[in-house]
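Please read the structure below before turning to the comments.
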Amino acid sequence: MTKLTVRELTLPEVQQVYKEQLQRDFPPRERKPFWRIESALRRGAYLCLGGWEADTWVAYAFFMYDPAGGLLLDYFAVFPAFRSGGRGSAFLRALGEALPGQRILAEVDAPEAARTSAEREVCARRIAFYRRNGFVDTGLHAVFWGVHYRMLMWADDEPAMMSGKELCRLYVRLYGRKIVDKKLHVWPDRHRRAKYVKS
């Protein structure tokens with residue numbers, strides 16, 4: 001079984017992985033400008049971790065700190081040369097060990113929003129990957145800045161559940177009321193169409 005170690009990235013490492021990996025791993029609509037990440041890091045509102053296999057850097061995970069506690073997974077990827085072989089799962093396990101007691105929320109692209117069957121399959125595989133590695137589907141959908149996500153959560157010491165209003169409050173804490181009122185839609189699985197859920 002692959003064993004990875006985790007450590008916090010330095011600012012030059014964050015800049016390196018942003019330029020060399022993240023811009024390829026995520027579509028433009030999902031990429032924050034680097035200055036926003038750097039500003040959040042300097043304020044202590046952001047966390048960037050890397051995964052190493054022996055002395056080789058193979059993966060990264062960026063998180064936003066929720067001021068009320070917990071983390072929102074902003075970006076997660078294994079470098080292309082090291083994909084397959086269980087490194088993604090090993091990195092998630094290592095993150096859990098490195099962040100004991102933390103509640104981690106993940107925005108995962110929703111299969112329902114896929115434009116093709118191939119895209120839908122990729123989204124479904126991604127959700128299955130997180131669920132195999134300890135994340136639970138909260139039953140909530142979120143559309144934020146036009147991107148449709150299913151919300152998954154990992155928590156090692158509490159039930160991994162959240163209401164729509166709780167999720168909206170989290171986004172308000174992270175992004176501010178003005179942006180959330182304009183850009184966020186949240187709804188539970190049982191509703192077939194998007195609706196606003198405000199705190």
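For the structure tokens, the naming scheme is as follows: chains receive sequential letters (A, B, ...) according to their order of presentation, residues are indexed from 1 within each chain, and ligands are indexed from 1 in presentation order.
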Secondary structure check, strand (DSSP E or B) residues of segment 1-148 of chain A, as an MDAnalysis selection string: chainID A and resid 5:8 46:53 56:65 71:78 103:109 136:144 147:148
Written file, previous selection with N, CA and C atoms, as a compact mmCIF listing (two decimals), in the first residue's frame:
```txt
# COMPACT_ATOMS: atom_id res chain seq x y z
N THR A 5 3.54 11.00 2.99
CA THR A 5 3.67 11.94 4.11
C THR A 5 3.14 13.30 3.66
N VAL A 6 2.69 14.08 4.61
CA VAL A 6 2.07 15.38 4.33
C VAL A 6 2.83 16.47 5.06
N ARG A 7 3.07 17.58 4.37
CA ARG A 7 3.60 18.76 5.04
C ARG A 7 3.05 20.01 4.38
N GLU A 8 3.09 21.09 5.15
CA GLU A 8 2.59 22.37 4.63
C GLU A 8 3.56 22.91 3.60
N TYR A 46 -6.01 30.30 4.82
CA TYR A 46 -5.85 29.30 3.76
C TYR A 46 -4.75 28.33 4.17
N LEU A 47 -4.86 27.10 3.71
CA LEU A 47 -3.88 26.06 4.04
C LEU A 47 -3.55 25.28 2.79
N CYS A 48 -2.26 25.14 2.49
CA CYS A 48 -1.81 24.39 1.32
C CYS A 48 -0.89 23.26 1.78
N LEU A 49 -1.27 22.04 1.44
CA LEU A 49 -0.52 20.86 1.86
C LEU A 49 -0.06 20.07 0.65
N GLY A 50 1.10 19.44 0.78
CA GLY A 50 1.62 18.58 -0.27
C GLY A 50 1.78 17.17 0.22
N GLY A 51 1.68 16.21 -0.70
CA GLY A 51 1.89 14.80 -0.37
C GLY A 51 3.18 14.30 -1.01
N TRP A 52 4.02 13.64 -0.20
CA TRP A 52 5.30 13.13 -0.67
C TRP A 52 5.37 11.62 -0.55
N GLU A 53 5.91 10.99 -1.58
CA GLU A 53 6.22 9.57 -1.54
C GLU A 53 7.74 9.48 -1.47
N THR A 56 9.71 12.38 -3.15
CA THR A 56 9.09 12.85 -4.38
C THR A 56 7.72 13.46 -4.11
N TRP A 57 7.55 14.68 -4.54
CA TRP A 57 6.28 15.40 -4.37
C TRP A 57 5.30 14.87 -5.41
N VAL A 58 4.14 14.37 -4.96
CA VAL A 58 3.22 13.70 -5.88
C VAL A 58 1.80 14.26 -5.87
N ALA A 59 1.43 15.09 -4.90
CA ALA A 59 0.04 15.54 -4.80
C ALA A 59 -0.06 16.84 -4.00
N TYR A 60 -1.20 17.50 -4.13
CA TYR A 60 -1.42 18.73 -3.37
C TYR A 60 -2.90 18.87 -3.00
N ALA A 61 -3.13 19.60 -1.93
CA ALA A 61 -4.49 19.90 -1.49
C ALA A 61 -4.50 21.31 -0.90
N PHE A 62 -5.42 22.16 -1.37
CA PHE A 62 -5.58 23.51 -0.86
C PHE A 62 -6.91 23.60 -0.13
N PHE A 63 -6.91 24.27 1.02
CA PHE A 63 -8.11 24.39 1.84
C PHE A 63 -8.36 25.84 2.22
N MET A 64 -9.64 26.19 2.35
CA MET A 64 -10.04 27.43 2.98
C MET A 64 -10.42 27.12 4.42
N TYR A 65 -9.97 27.96 5.36
CA TYR A 65 -10.36 27.81 6.75
C TYR A 65 -11.75 28.40 6.96
N LEU A 71 -12.76 22.94 7.48
CA LEU A 71 -12.05 23.31 6.26
C LEU A 71 -12.92 23.03 5.05
N LEU A 72 -12.80 23.87 4.04
CA LEU A 72 -13.41 23.62 2.74
C LEU A 72 -12.30 23.26 1.77
N LEU A 73 -12.38 22.07 1.20
CA LEU A 73 -11.36 21.63 0.24
C LEU A 73 -11.53 22.43 -1.04
N ASP A 74 -10.53 23.22 -1.37
CA ASP A 74 -10.60 24.10 -2.53
C ASP A 74 -10.06 23.40 -3.79
N TYR A 75 -8.92 22.74 -3.67
CA TYR A 75 -8.31 22.02 -4.78
C TYR A 75 -7.64 20.75 -4.24
N PHE A 76 -7.75 19.68 -5.01
CA PHE A 76 -7.12 18.41 -4.64
C PHE A 76 -6.74 17.70 -5.93
N ALA A 77 -5.46 17.30 -6.05
CA ALA A 77 -5.05 16.57 -7.25
C ALA A 77 -3.73 15.84 -7.00
N VAL A 78 -3.58 14.75 -7.73
CA VAL A 78 -2.31 14.03 -7.82
C VAL A 78 -1.66 14.44 -9.13
N ARG A 103 -13.39 18.81 10.46
CA ARG A 103 -14.47 18.54 9.52
C ARG A 103 -14.06 19.13 8.17
N ILE A 104 -14.07 18.31 7.13
CA ILE A 104 -13.65 18.77 5.80
C ILE A 104 -14.83 18.66 4.85
N LEU A 105 -15.16 19.76 4.20
CA LEU A 105 -16.23 19.79 3.22
C LEU A 105 -15.61 19.86 1.83
N ALA A 106 -16.16 19.09 0.90
CA ALA A 106 -15.62 19.05 -0.46
C ALA A 106 -16.72 19.37 -1.47
N GLU A 107 -16.41 20.28 -2.41
CA GLU A 107 -17.28 20.58 -3.54
C GLU A 107 -16.84 19.65 -4.69
N VAL A 108 -17.72 18.75 -5.11
CA VAL A 108 -17.37 17.81 -6.16
C VAL A 108 -18.32 18.02 -7.33
N ASP A 109 -17.77 18.16 -8.54
CA ASP A 109 -18.61 18.41 -9.71
C ASP A 109 -19.76 17.42 -9.78
N VAL A 136 -18.80 11.47 3.08
CA VAL A 136 -20.23 11.15 3.03
C VAL A 136 -20.94 12.21 2.20
N ASP A 137 -21.86 11.77 1.35
CA ASP A 137 -22.67 12.70 0.57
C ASP A 137 -23.67 13.36 1.52
N THR A 138 -23.64 14.69 1.62
CA THR A 138 -24.54 15.40 2.52
C THR A 138 -25.96 15.48 1.98
N GLY A 139 -26.15 15.11 0.70
CA GLY A 139 -27.47 15.25 0.09
C GLY A 139 -27.77 16.65 -0.38
N LEU A 140 -26.75 17.52 -0.36
CA LEU A 140 -26.93 18.91 -0.78
C LEU A 140 -26.25 19.18 -2.11
N HIS A 141 -26.91 19.99 -2.92
CA HIS A 141 -26.34 20.53 -4.15
C HIS A 141 -26.04 22.00 -3.93
N ALA A 142 -25.00 22.50 -4.58
CA ALA A 142 -24.71 23.93 -4.56
C ALA A 142 -24.27 24.36 -5.95
N VAL A 143 -24.82 25.44 -6.41
CA VAL A 143 -24.31 26.11 -7.61
C VAL A 143 -23.69 27.41 -7.15
N PHE A 144 -22.37 27.52 -7.37
CA PHE A 144 -21.64 28.71 -6.93
C PHE A 144 -20.81 29.21 -8.08
N VAL A 147 -21.03 27.03 -11.19
CA VAL A 147 -20.55 25.64 -11.19
C VAL A 147 -21.41 24.82 -10.23
N HIS A 148 -21.93 23.71 -10.73
CA HIS A 148 -22.83 22.85 -9.94
C HIS A 148 -22.02 21.77 -9.22
```
DSSP-assigned helix (DSSP H, G or I) among segment 11-198 of chain A, expressed as a PyMOL selection string: chain A and resi 11-25+28-30+34-42+80-82+87-98+111-113+117-132+164-175+177-183
Residue nearest Pro12 of chain A - candidates A:Ala81, A:Pro28, A:Phe34, A:Tyr175, atoms counted: only C-alpha atoms: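 Counting only C-alpha atoms, the residue closest to Pro12 of chain A is A:Phe34.
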Separation of atom CA of Val122 of chain A from atom CA of Gly70 of chain A in Å: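 According to the coordinates, atom CA of Gly70 of chain A and atom CA of Val122 of chain A are separated by 27.4 Å.
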Proximity to Gln23 of chain A - best of A:Val186, A:Phe79, A:Ala94, A:Phe135, only C-alpha atoms: A:Phe79
Find the residues near Glu97 of chain A: any atom within 12 Å, counting only C-alpha atoms, skip ones fewer than 5 places away on the same chain, and give them as a JSON list (two decimals) with N, CA, C and O atoms, in the first residue's frame.
```json
[["chain", "number", "residue", "atom", "x", "y", "z"],
["A", 3, "LYS", "N", 2.30, 4.72, 0.84],
["A", 3, "LYS", "CA", 2.32, 5.53, 2.06],
["A", 3, "LYS", "C", 2.86, 6.91, 1.71],
["A", 3, "LYS", "O", 3.97, 7.04, 1.18],
["A", 4, "LEU", "N", 2.06, 7.93, 1.99],
["A", 4, "LEU", "CA", 2.48, 9.29, 1.70],
["A", 4, "LEU", "C", 2.63, 10.07, 3.00],
["A", 4, "LEU", "O", 1.92, 9.82, 3.97],
["A", 5, "THR", "N", 3.54, 11.00, 2.99],
["A", 5, "THR", "CA", 3.67, 11.94, 4.11],
["A", 5, "THR", "C", 3.14, 13.30, 3.66],
["A", 5, "THR", "O", 3.14, 13.62, 2.48],
["A", 6, "VAL", "N", 2.69, 14.08, 4.61],
["A", 6, "VAL", "CA", 2.07, 15.38, 4.33],
["A", 6, "VAL", "C", 2.83, 16.47, 5.06],
["A", 6, "VAL", "O", 3.22, 16.30, 6.22],
["A", 7, "ARG", "N", 3.07, 17.58, 4.37],
["A", 7, "ARG", "CA", 3.60, 18.76, 5.04],
["A", 7, "ARG", "C", 3.05, 20.01, 4.38],
["A", 7, "ARG", "O", 2.61, 19.98, 3.22],
["A", 90, "ALA", "N", -4.30, 7.25, -0.90],
["A", 90, "ALA", "CA", -3.27, 7.34, 0.14],
["A", 90, "ALA", "C", -3.12, 8.78, 0.62],
["A", 90, "ALA", "O", -2.92, 9.03, 1.82],
["A", 91, "PHE", "N", -3.24, 9.75, -0.30],
["A", 91, "PHE", "CA", -3.11, 11.15, 0.09],
["A", 91, "PHE", "C", -4.28, 11.57, 0.96],
["A", 91, "PHE", "O", -4.11, 12.27, 1.97],
["A", 92, "LEU", "N", -5.50, 11.15, 0.61],
["A", 92, "LEU", "CA", -6.65, 11.49, 1.44],
["A", 92, "LEU", "C", -6.51, 10.89, 2.84],
["A", 92, "LEU", "O", -6.81, 11.55, 3.85],
["A", 102, "GLN", "N", -10.69, 17.42, 12.33],
["A", 102, "GLN", "CA", -11.22, 18.47, 11.45],
["A", 102, "GLN", "C", -12.40, 17.96, 10.64],
["A", 102, "GLN", "O", -12.40, 16.83, 10.15],
["A", 155, "ALA", "N", -15.69, 13.73, 8.38],
["A", 155, "ALA", "CA", -15.56, 14.11, 9.78],
["A", 155, "ALA", "C", -15.28, 12.84, 10.57],
["A", 155, "ALA", "O", -16.05, 11.88, 10.49],
["A", 156, "ASP", "N", -14.20, 12.82, 11.32],
["A", 156, "ASP", "CA", -13.83, 11.59, 12.02],
["A", 156, "ASP", "C", -14.40, 11.50, 13.42],
["A", 156, "ASP", "O", -14.29, 10.47, 14.08]]
```
Distance of atom CA of Tyr130 of chain A from atom CA of Gly86 of chain A, expressed in Å to one decimal place: 12.6 Å
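Across the structure, atom CA of Arg93 of chain A and atom CA of Trp154 of chain A are spaced 11.0 Å apart.
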